[in-house]
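Here's model00.cif, which has mmCIF, C-alpha atoms, pLDDT in the B column; chains and numbers go by the auth columns:
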data_upload
loop_
_atom_site.group_PDB
_atom_site.id
_atom_site.type_symbol
_atom_site.label_atom_id
_atom_site.label_comp_id
_atom_site.label_asym_id
_atom_site.label_seq_id
_atom_site.Cartn_x
_atom_site.Cartn_y
_atom_site.Cartn_z
_atom_site.B_iso_or_equiv
_atom_site.auth_seq_id
_atom_site.auth_asym_id
ATOM 1 C CA MET A 1 120.632 102.380 63.867 53.00 1281 A
ATOM 2 C CA THR A 2 118.255 103.991 66.308 62.00 1282 A
ATOM 3 C CA THR A 3 114.891 105.433 65.391 67.00 1283 A
ATOM 4 C CA PRO A 4 113.411 108.687 66.714 67.00 1284 A
ATOM 5 C CA ALA A 5 110.830 106.649 68.650 66.00 1285 A
ATOM 6 C CA HIS A 6 113.617 104.615 70.275 68.00 1286 A
ATOM 7 C CA ASN A 7 115.472 107.812 71.200 71.00 1287 A
ATOM 8 C CA ARG A 8 112.298 109.269 72.745 72.00 1288 A
ATOM 9 C CA PHE A 9 111.804 106.095 74.767 75.00 1289 A
ATOM 10 C CA ILE A 10 115.408 106.277 76.015 79.00 1290 A
ATOM 11 C CA ASP A 11 114.790 109.930 76.988 76.00 1291 A
ATOM 12 C CA MET A 12 111.672 108.833 78.905 80.00 1292 A
ATOM 13 C CA VAL A 13 113.404 106.152 81.013 83.00 1293 A
ATOM 14 C CA PRO A 14 114.542 108.445 83.883 84.00 1294 A
ATOM 15 C CA SER A 15 111.071 109.993 84.145 85.00 1295 A
ATOM 16 C CA LEU A 16 109.415 106.577 84.063 88.00 1296 A
ATOM 17 C CA LEU A 17 111.698 105.317 86.836 89.00 1297 A
ATOM 18 C CA LEU A 18 110.976 108.401 88.917 88.00 1298 A
ATOM 19 C CA LEU A 19 107.271 107.937 88.243 89.00 1299 A
ATOM 20 C CA MET A 20 107.452 104.420 89.696 91.00 1300 A
ATOM 21 C CA VAL A 21 109.338 105.692 92.766 89.00 1301 A
ATOM 22 C CA VAL A 22 106.786 108.463 93.383 89.00 1302 A
ATOM 23 C CA ALA A 23 103.868 106.067 92.920 91.00 1303 A
ATOM 24 C CA ALA A 24 105.427 103.628 95.398 90.00 1304 A
ATOM 25 C CA TYR A 25 106.043 106.506 97.810 88.00 1305 A
ATOM 26 C CA LEU A 26 102.393 107.542 97.614 88.00 1306 A
ATOM 27 C CA VAL A 27 101.248 104.005 98.431 90.00 1307 A
ATOM 28 C CA VAL A 28 103.606 103.852 101.421 88.00 1308 A
ATOM 29 C CA ALA A 29 102.673 107.374 102.529 84.00 1309 A
ATOM 30 C CA TYR A 30 98.954 106.638 102.519 87.00 1310 A
ATOM 31 C CA LEU A 31 99.537 103.443 104.481 87.00 1311 A
ATOM 32 C CA THR A 32 101.926 104.856 107.098 87.00 1312 A
ATOM 33 C CA LEU A 33 101.510 108.636 107.468 80.00 1313 A
ATOM 34 C CA ASP A 34 98.722 110.316 109.379 82.00 1314 A
ATOM 35 C CA ASP A 35 96.865 113.325 107.969 77.00 1315 A
ATOM 36 C CA GLU A 36 99.036 115.920 109.692 74.00 1316 A
ATOM 37 C CA SER A 37 102.488 114.542 108.940 72.00 1317 A
ATOM 38 C CA GLY A 38 101.567 113.423 105.423 74.00 1318 A
ATOM 39 C CA ALA A 39 100.075 116.675 104.115 73.00 1319 A
ATOM 40 C CA VAL A 40 103.243 118.214 102.668 70.00 1320 A
ATOM 41 C CA PRO A 41 104.960 115.030 101.401 79.00 1321 A
ATOM 42 C CA ILE A 42 101.795 113.783 99.711 82.00 1322 A
ATOM 43 C CA MET A 43 101.105 117.190 98.157 83.00 1323 A
ATOM 44 C CA THR A 44 104.694 117.239 96.880 84.00 1324 A
ATOM 45 C CA ALA A 45 104.308 113.736 95.446 85.00 1325 A
ATOM 46 C CA TYR A 46 101.168 114.738 93.543 89.00 1326 A
ATOM 47 C CA LEU A 47 102.914 117.848 92.194 87.00 1327 A
ATOM 48 C CA THR A 48 105.819 115.630 91.106 88.00 1328 A
ATOM 49 C CA LEU A 49 103.395 113.263 89.356 90.00 1329 A
ATOM 50 C CA PHE A 50 101.871 116.217 87.502 90.00 1330 A
ATOM 51 C CA LEU A 51 105.276 117.512 86.383 88.00 1331 A
ATOM 52 C CA LEU A 52 106.391 114.016 85.365 88.00 1332 A
ATOM 53 C CA GLY A 53 103.217 113.667 83.320 89.00 1333 A
ATOM 54 C CA ILE A 54 104.001 116.889 81.460 88.00 1334 A
ATOM 55 C CA ASP A 55 107.590 115.758 80.902 85.00 1335 A
ATOM 56 C CA LEU A 56 106.541 112.334 79.619 85.00 1336 A
ATOM 57 C CA TYR A 57 103.904 113.837 77.332 86.00 1337 A
ATOM 58 C CA SER A 58 106.306 116.342 75.789 84.00 1338 A
ATOM 59 C CA THR A 59 108.983 113.670 75.354 80.00 1339 A
ATOM 60 C CA PHE A 60 106.462 111.279 73.792 78.00 1340 A
ATOM 61 C CA LYS A 61 105.354 113.965 71.355 77.00 1341 A
ATOM 62 C CA GLY A 62 109.009 114.690 70.558 69.00 1342 A
ATOM 63 C CA GLN A 63 108.748 118.340 71.555 62.00 1343 A
ATOM 64 C CA HIS A 64 111.967 118.434 73.552 56.00 1344 A
ATOM 65 C CA ALA A 65 113.825 115.395 72.258 48.00 1345 A
ATOM 66 C CA GLY A 66 117.544 116.080 72.227 52.00 1346 A
ATOM 67 C CA LEU A 67 117.344 119.434 74.000 54.00 1347 A
ATOM 68 C CA ASN A 68 118.787 118.030 77.210 53.00 1348 A
ATOM 69 C CA LYS A 69 121.821 116.624 75.412 56.00 1349 A
ATOM 70 C CA LYS A 70 122.554 119.994 73.801 56.00 1350 A
ATOM 71 C CA ALA A 71 122.177 121.768 77.134 52.00 1351 A
ATOM 72 C CA GLU A 72 124.493 119.305 78.912 52.00 1352 A
ATOM 73 C CA GLU A 73 127.179 119.743 76.263 63.00 1353 A
ATOM 74 C CA ALA A 74 126.989 123.535 76.464 66.00 1354 A
ATOM 75 C CA VAL A 75 127.523 123.763 80.241 63.00 1355 A
ATOM 76 C CA PRO A 76 131.171 123.830 81.280 73.00 1356 A
ATOM 77 C CA LEU A 77 132.313 121.796 84.263 71.00 1357 A
ATOM 78 C CA SER A 78 133.213 124.932 86.242 78.00 1358 A
ATOM 79 C CA THR A 79 129.601 126.127 86.023 74.00 1359 A
ATOM 80 C CA GLU A 80 128.308 122.792 87.266 74.00 1360 A
ATOM 81 C CA LEU A 81 130.787 122.849 90.155 82.00 1361 A
ATOM 82 C CA ARG A 82 129.757 126.383 91.128 81.00 1362 A
ATOM 83 C CA ALA A 83 126.089 125.365 91.039 78.00 1363 A
ATOM 84 C CA THR A 84 126.782 122.291 93.187 82.00 1364 A
ATOM 85 C CA ILE A 85 128.860 124.248 95.692 86.00 1365 A
ATOM 86 C CA SER A 86 126.222 126.978 95.922 85.00 1366 A
ATOM 87 C CA LEU A 87 123.572 124.361 96.710 84.00 1367 A
ATOM 88 C CA LEU A 88 125.796 122.847 99.409 88.00 1368 A
ATOM 89 C CA VAL A 89 126.228 126.328 100.898 89.00 1369 A
ATOM 90 C CA LEU A 90 122.436 126.787 100.770 88.00 1370 A
ATOM 91 C CA VAL A 91 121.800 123.511 102.598 87.00 1371 A
ATOM 92 C CA THR A 92 124.386 124.431 105.246 90.00 1372 A
ATOM 93 C CA ALA A 93 122.861 127.888 105.627 91.00 1373 A
ATOM 94 C CA ILE A 94 119.370 126.385 105.980 88.00 1374 A
ATOM 95 C CA TYR A 95 120.709 124.218 108.790 89.00 1375 A
ATOM 96 C CA LEU A 96 122.366 127.162 110.527 91.00 1376 A
ATOM 97 C CA VAL A 97 119.960 130.098 110.028 92.00 1377 A
ATOM 98 C CA GLY A 98 116.783 128.456 108.768 89.00 1378 A
ATOM 99 C CA PHE A 99 114.893 128.018 105.554 89.00 1379 A
ATOM 100 C CA TYR A 100 113.461 131.515 105.226 93.00 1380 A
ATOM 101 C CA LEU A 101 116.602 133.581 105.733 93.00 1381 A
ATOM 102 C CA ALA A 102 118.932 131.240 103.818 93.00 1382 A
ATOM 103 C CA GLY A 103 116.470 130.768 100.968 93.00 1383 A
ATOM 104 C CA PHE A 104 115.753 134.481 100.709 94.00 1384 A
ATOM 105 C CA ILE A 105 119.441 135.388 100.501 93.00 1385 A
ATOM 106 C CA TYR A 106 120.125 132.550 98.047 92.00 1386 A
ATOM 107 C CA LEU A 107 117.271 133.580 95.756 92.00 1387 A
ATOM 108 C CA VAL A 108 118.277 137.248 95.745 93.00 1388 A
ATOM 109 C CA MET A 109 121.907 136.391 95.028 90.00 1389 A
ATOM 110 C CA SER A 110 120.971 133.890 92.306 88.00 1390 A
ATOM 111 C CA LEU A 111 118.681 136.307 90.531 90.00 1391 A
ATOM 112 C CA PHE A 112 121.091 139.207 90.861 88.00 1392 A
ATOM 113 C CA TRP A 113 124.407 137.541 89.988 84.00 1393 A
ATOM 114 C CA ILE A 114 123.506 134.481 87.939 81.00 1394 A
ATOM 115 C CA ALA A 115 120.332 135.595 86.150 84.00 1395 A
ATOM 116 C CA ARG A 116 121.637 139.179 85.854 86.00 1396 A
ATOM 117 C CA GLN A 117 118.412 140.756 87.096 90.00 1397 A
ATOM 118 C CA SER A 118 118.263 144.110 88.836 94.00 1398 A
ATOM 119 C CA LEU A 119 118.667 144.139 92.601 94.00 1399 A
ATOM 120 C CA ARG A 120 115.189 145.639 92.965 96.00 1400 A
ATOM 121 C CA PHE A 121 113.624 142.866 90.846 95.00 1401 A
ATOM 122 C CA SER A 122 115.596 140.212 92.754 94.00 1402 A
ATOM 123 C CA ILE A 123 114.434 141.470 96.155 96.00 1403 A
ATOM 124 C CA ILE A 124 110.803 141.874 95.082 96.00 1404 A
ATOM 125 C CA THR A 125 110.765 138.372 93.592 95.00 1405 A
ATOM 126 C CA ALA A 126 112.323 136.878 96.737 95.00 1406 A
ATOM 127 C CA VAL A 127 109.857 138.720 99.016 96.00 1407 A
ATOM 128 C CA LEU A 128 106.868 137.512 96.978 96.00 1408 A
ATOM 129 C CA THR A 129 108.240 133.970 96.756 95.00 1409 A
ATOM 130 C CA PHE A 130 108.885 133.619 100.461 94.00 1410 A
ATOM 131 C CA ALA A 131 105.626 135.339 101.387 95.00 1411 A
ATOM 132 C CA SER A 132 103.778 132.721 99.327 94.00 1412 A
ATOM 133 C CA ILE A 133 105.852 129.920 100.879 93.00 1413 A
ATOM 134 C CA TYR A 134 105.112 131.273 104.364 94.00 1414 A
ATOM 135 C CA LEU A 135 101.393 131.578 103.648 93.00 1415 A
ATOM 136 C CA THR A 136 101.234 128.108 102.102 90.00 1416 A
ATOM 137 C CA PHE A 137 103.147 126.199 104.754 88.00 1417 A
ATOM 138 C CA GLU A 138 102.837 128.166 107.986 90.00 1418 A
ATOM 139 C CA LYS A 139 99.276 129.461 107.601 91.00 1419 A
ATOM 140 C CA GLY A 140 97.611 127.144 105.101 88.00 1420 A
ATOM 141 C CA LEU A 141 99.077 123.821 106.196 84.00 1421 A
ATOM 142 C CA SER A 142 100.067 124.763 109.777 86.00 1422 A
ATOM 143 C CA PHE A 143 103.509 123.326 109.055 84.00 1423 A
ATOM 144 C CA GLU A 144 106.478 125.168 110.541 87.00 1424 A
ATOM 145 C CA LEU A 145 109.517 125.205 108.273 87.00 1425 A
ATOM 146 C CA PHE A 146 112.947 124.724 109.837 84.00 1426 A
ATOM 147 C CA ARG A 147 114.169 127.829 111.703 87.00 1427 A
ATOM 148 C CA GLY A 148 117.846 126.847 111.921 85.00 1428 A
ATOM 149 C CA VAL A 149 119.964 125.862 114.890 88.00 1429 A
ATOM 150 C CA LEU A 150 121.323 129.380 115.444 89.00 1430 A
ATOM 151 C CA LEU A 151 117.957 131.159 115.317 81.00 1431 A
ATOM 152 C CA SER A 152 115.706 128.705 117.136 72.00 1432 A
#
Render the structure in this file as structure tokens.
Amino acid sequence: MTTPAHNRFIDMVPSLLLLMVVAAYLVVAYLTLDDESGAVPIMTAYLTLFLLGIDLYSTFKGQHAGLNKKAEEAVPLSTELRATISLLVLVTAIYLVGFYLAGFIYLVMSLFWIARQSLRFSIITAVLTFASIYLTFEKGLSFELFRGVLLS
């Protein structure tokens, strides 16, 4: 017989393992990366630590215990396959035409067809999203995102 506390601990195991991996990555990153090449990965690691902290806190408090199991049961295999295939297409498109164009098209299509938003809303959201990504990486961090082999 398992207790609710035991179930919450079991739900926390993946996040705790990921927390250890991110912490180890930060130690290695600070020891091996210079300021320029480490800016984005280290920022991403800190953001991941923040999100893991929120996840662990909510799991510890029991605020989302069991929700993941219900969500996994409700998703048919065909939906998971379509999601996986669409991500593989996105990665291929990023390689071919670059992050901005592939990501923009993917976001518009996802919002329009999957989330059932209006085309206008989908385009506006994608424009604002990729404008903020451009400003953050290209201007703020002076880090050029991949342009793709066909467009570079």
Which neighbours of stretch 1315-1319 of chain A fall inside 12 Å, counting all atoms listed in the file, when residues of the same chain fewer than 2 positions from it are skipped, and could you give them as an mmCIF file with C-alpha atoms, in the coordinates of the input?
data_model
loop_
_atom_site.group_PDB
_atom_site.id
_atom_site.type_symbol
_atom_site.label_atom_id
_atom_site.label_comp_id
_atom_site.auth_asym_id
_atom_site.auth_seq_id
_atom_site.Cartn_x
_atom_site.Cartn_y
_atom_site.Cartn_z
ATOM 1 C CA TYR A 1305 106.043 106.506 97.810
ATOM 2 C CA LEU A 1306 102.393 107.542 97.614
ATOM 3 C CA VAL A 1307 101.248 104.005 98.431
ATOM 4 C CA VAL A 1308 103.606 103.852 101.421
ATOM 5 C CA ALA A 1309 102.673 107.374 102.529
ATOM 6 C CA TYR A 1310 98.954 106.638 102.519
ATOM 7 C CA LEU A 1311 99.537 103.443 104.481
ATOM 8 C CA THR A 1312 101.926 104.856 107.098
ATOM 9 C CA LEU A 1313 101.510 108.636 107.468
ATOM 10 C CA PRO A 1321 104.960 115.030 101.401
ATOM 11 C CA ILE A 1322 101.795 113.783 99.711
ATOM 12 C CA MET A 1323 101.105 117.190 98.157
ATOM 13 C CA THR A 1324 104.694 117.239 96.880
ATOM 14 C CA ALA A 1325 104.308 113.736 95.446
ATOM 15 C CA TYR A 1326 101.168 114.738 93.543
ATOM 16 C CA THR A 1416 101.234 128.108 102.102
ATOM 17 C CA PHE A 1417 103.147 126.199 104.754
ATOM 18 C CA GLY A 1420 97.611 127.144 105.101
ATOM 19 C CA LEU A 1421 99.077 123.821 106.196
ATOM 20 C CA SER A 1422 100.067 124.763 109.777
ATOM 21 C CA PHE A 1423 103.509 123.326 109.055
ATOM 22 C CA GLU A 1424 106.478 125.168 110.541
#
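The space separating atom CA of A:Met1389 from atom CA of A:Leu1425 comes to 21.3 Å.
Running the PyMOL selection byres ((chain A and resi 1364-1372) around 10) on this file leaves Ser1358, Thr1359, Glu1360, Leu1361, Arg1362, Ala1363, Ala1373, Ile1374, Tyr1375, Leu1376, Val1377, Gly1378, Phe1379, Ala1382, Gly1383, Ile1385, Tyr1386, Leu1387, Ser1390 and Gly1428 of chain A selected.
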### Message
Applying 8 Å and all atoms listed in the file, which residues near A:Phe1340 remain after dropping the ones on its own chain fewer than 5 positions away? List them as a PyMOL selection string.
### Response
chain A and resi 1288-1289+1292
### Summary
Separating atom CA of A:Leu1381 from atom CA of A:Tyr1414, to the nearest tenth of an Å, is a gap of 11.8 Å
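Atom to atom, atom CA of A:Phe1426 and atom CA of A:Phe1330 stand 26.3 Å apart.
Ranking A:Leu1399, A:Val1388, A:Leu1430, A:Ile1334 by their shortest atom-to-atom distance to A:Leu1296, with all atoms listed in the file included, puts A:Ile1334 first.
Among the candidate residues A:Ser1338, A:Phe1384, A:Leu1299, A:Thr1328, the one lying nearest to A:Phe1410 is A:Phe1384, with distances computed using all atoms listed in the file.
Nearest to A:Leu1431 of all the residues A:Tyr1380, A:Leu1327, A:Ile1394, A:Thr1405 is A:Tyr1380, counting only C-alpha atoms.
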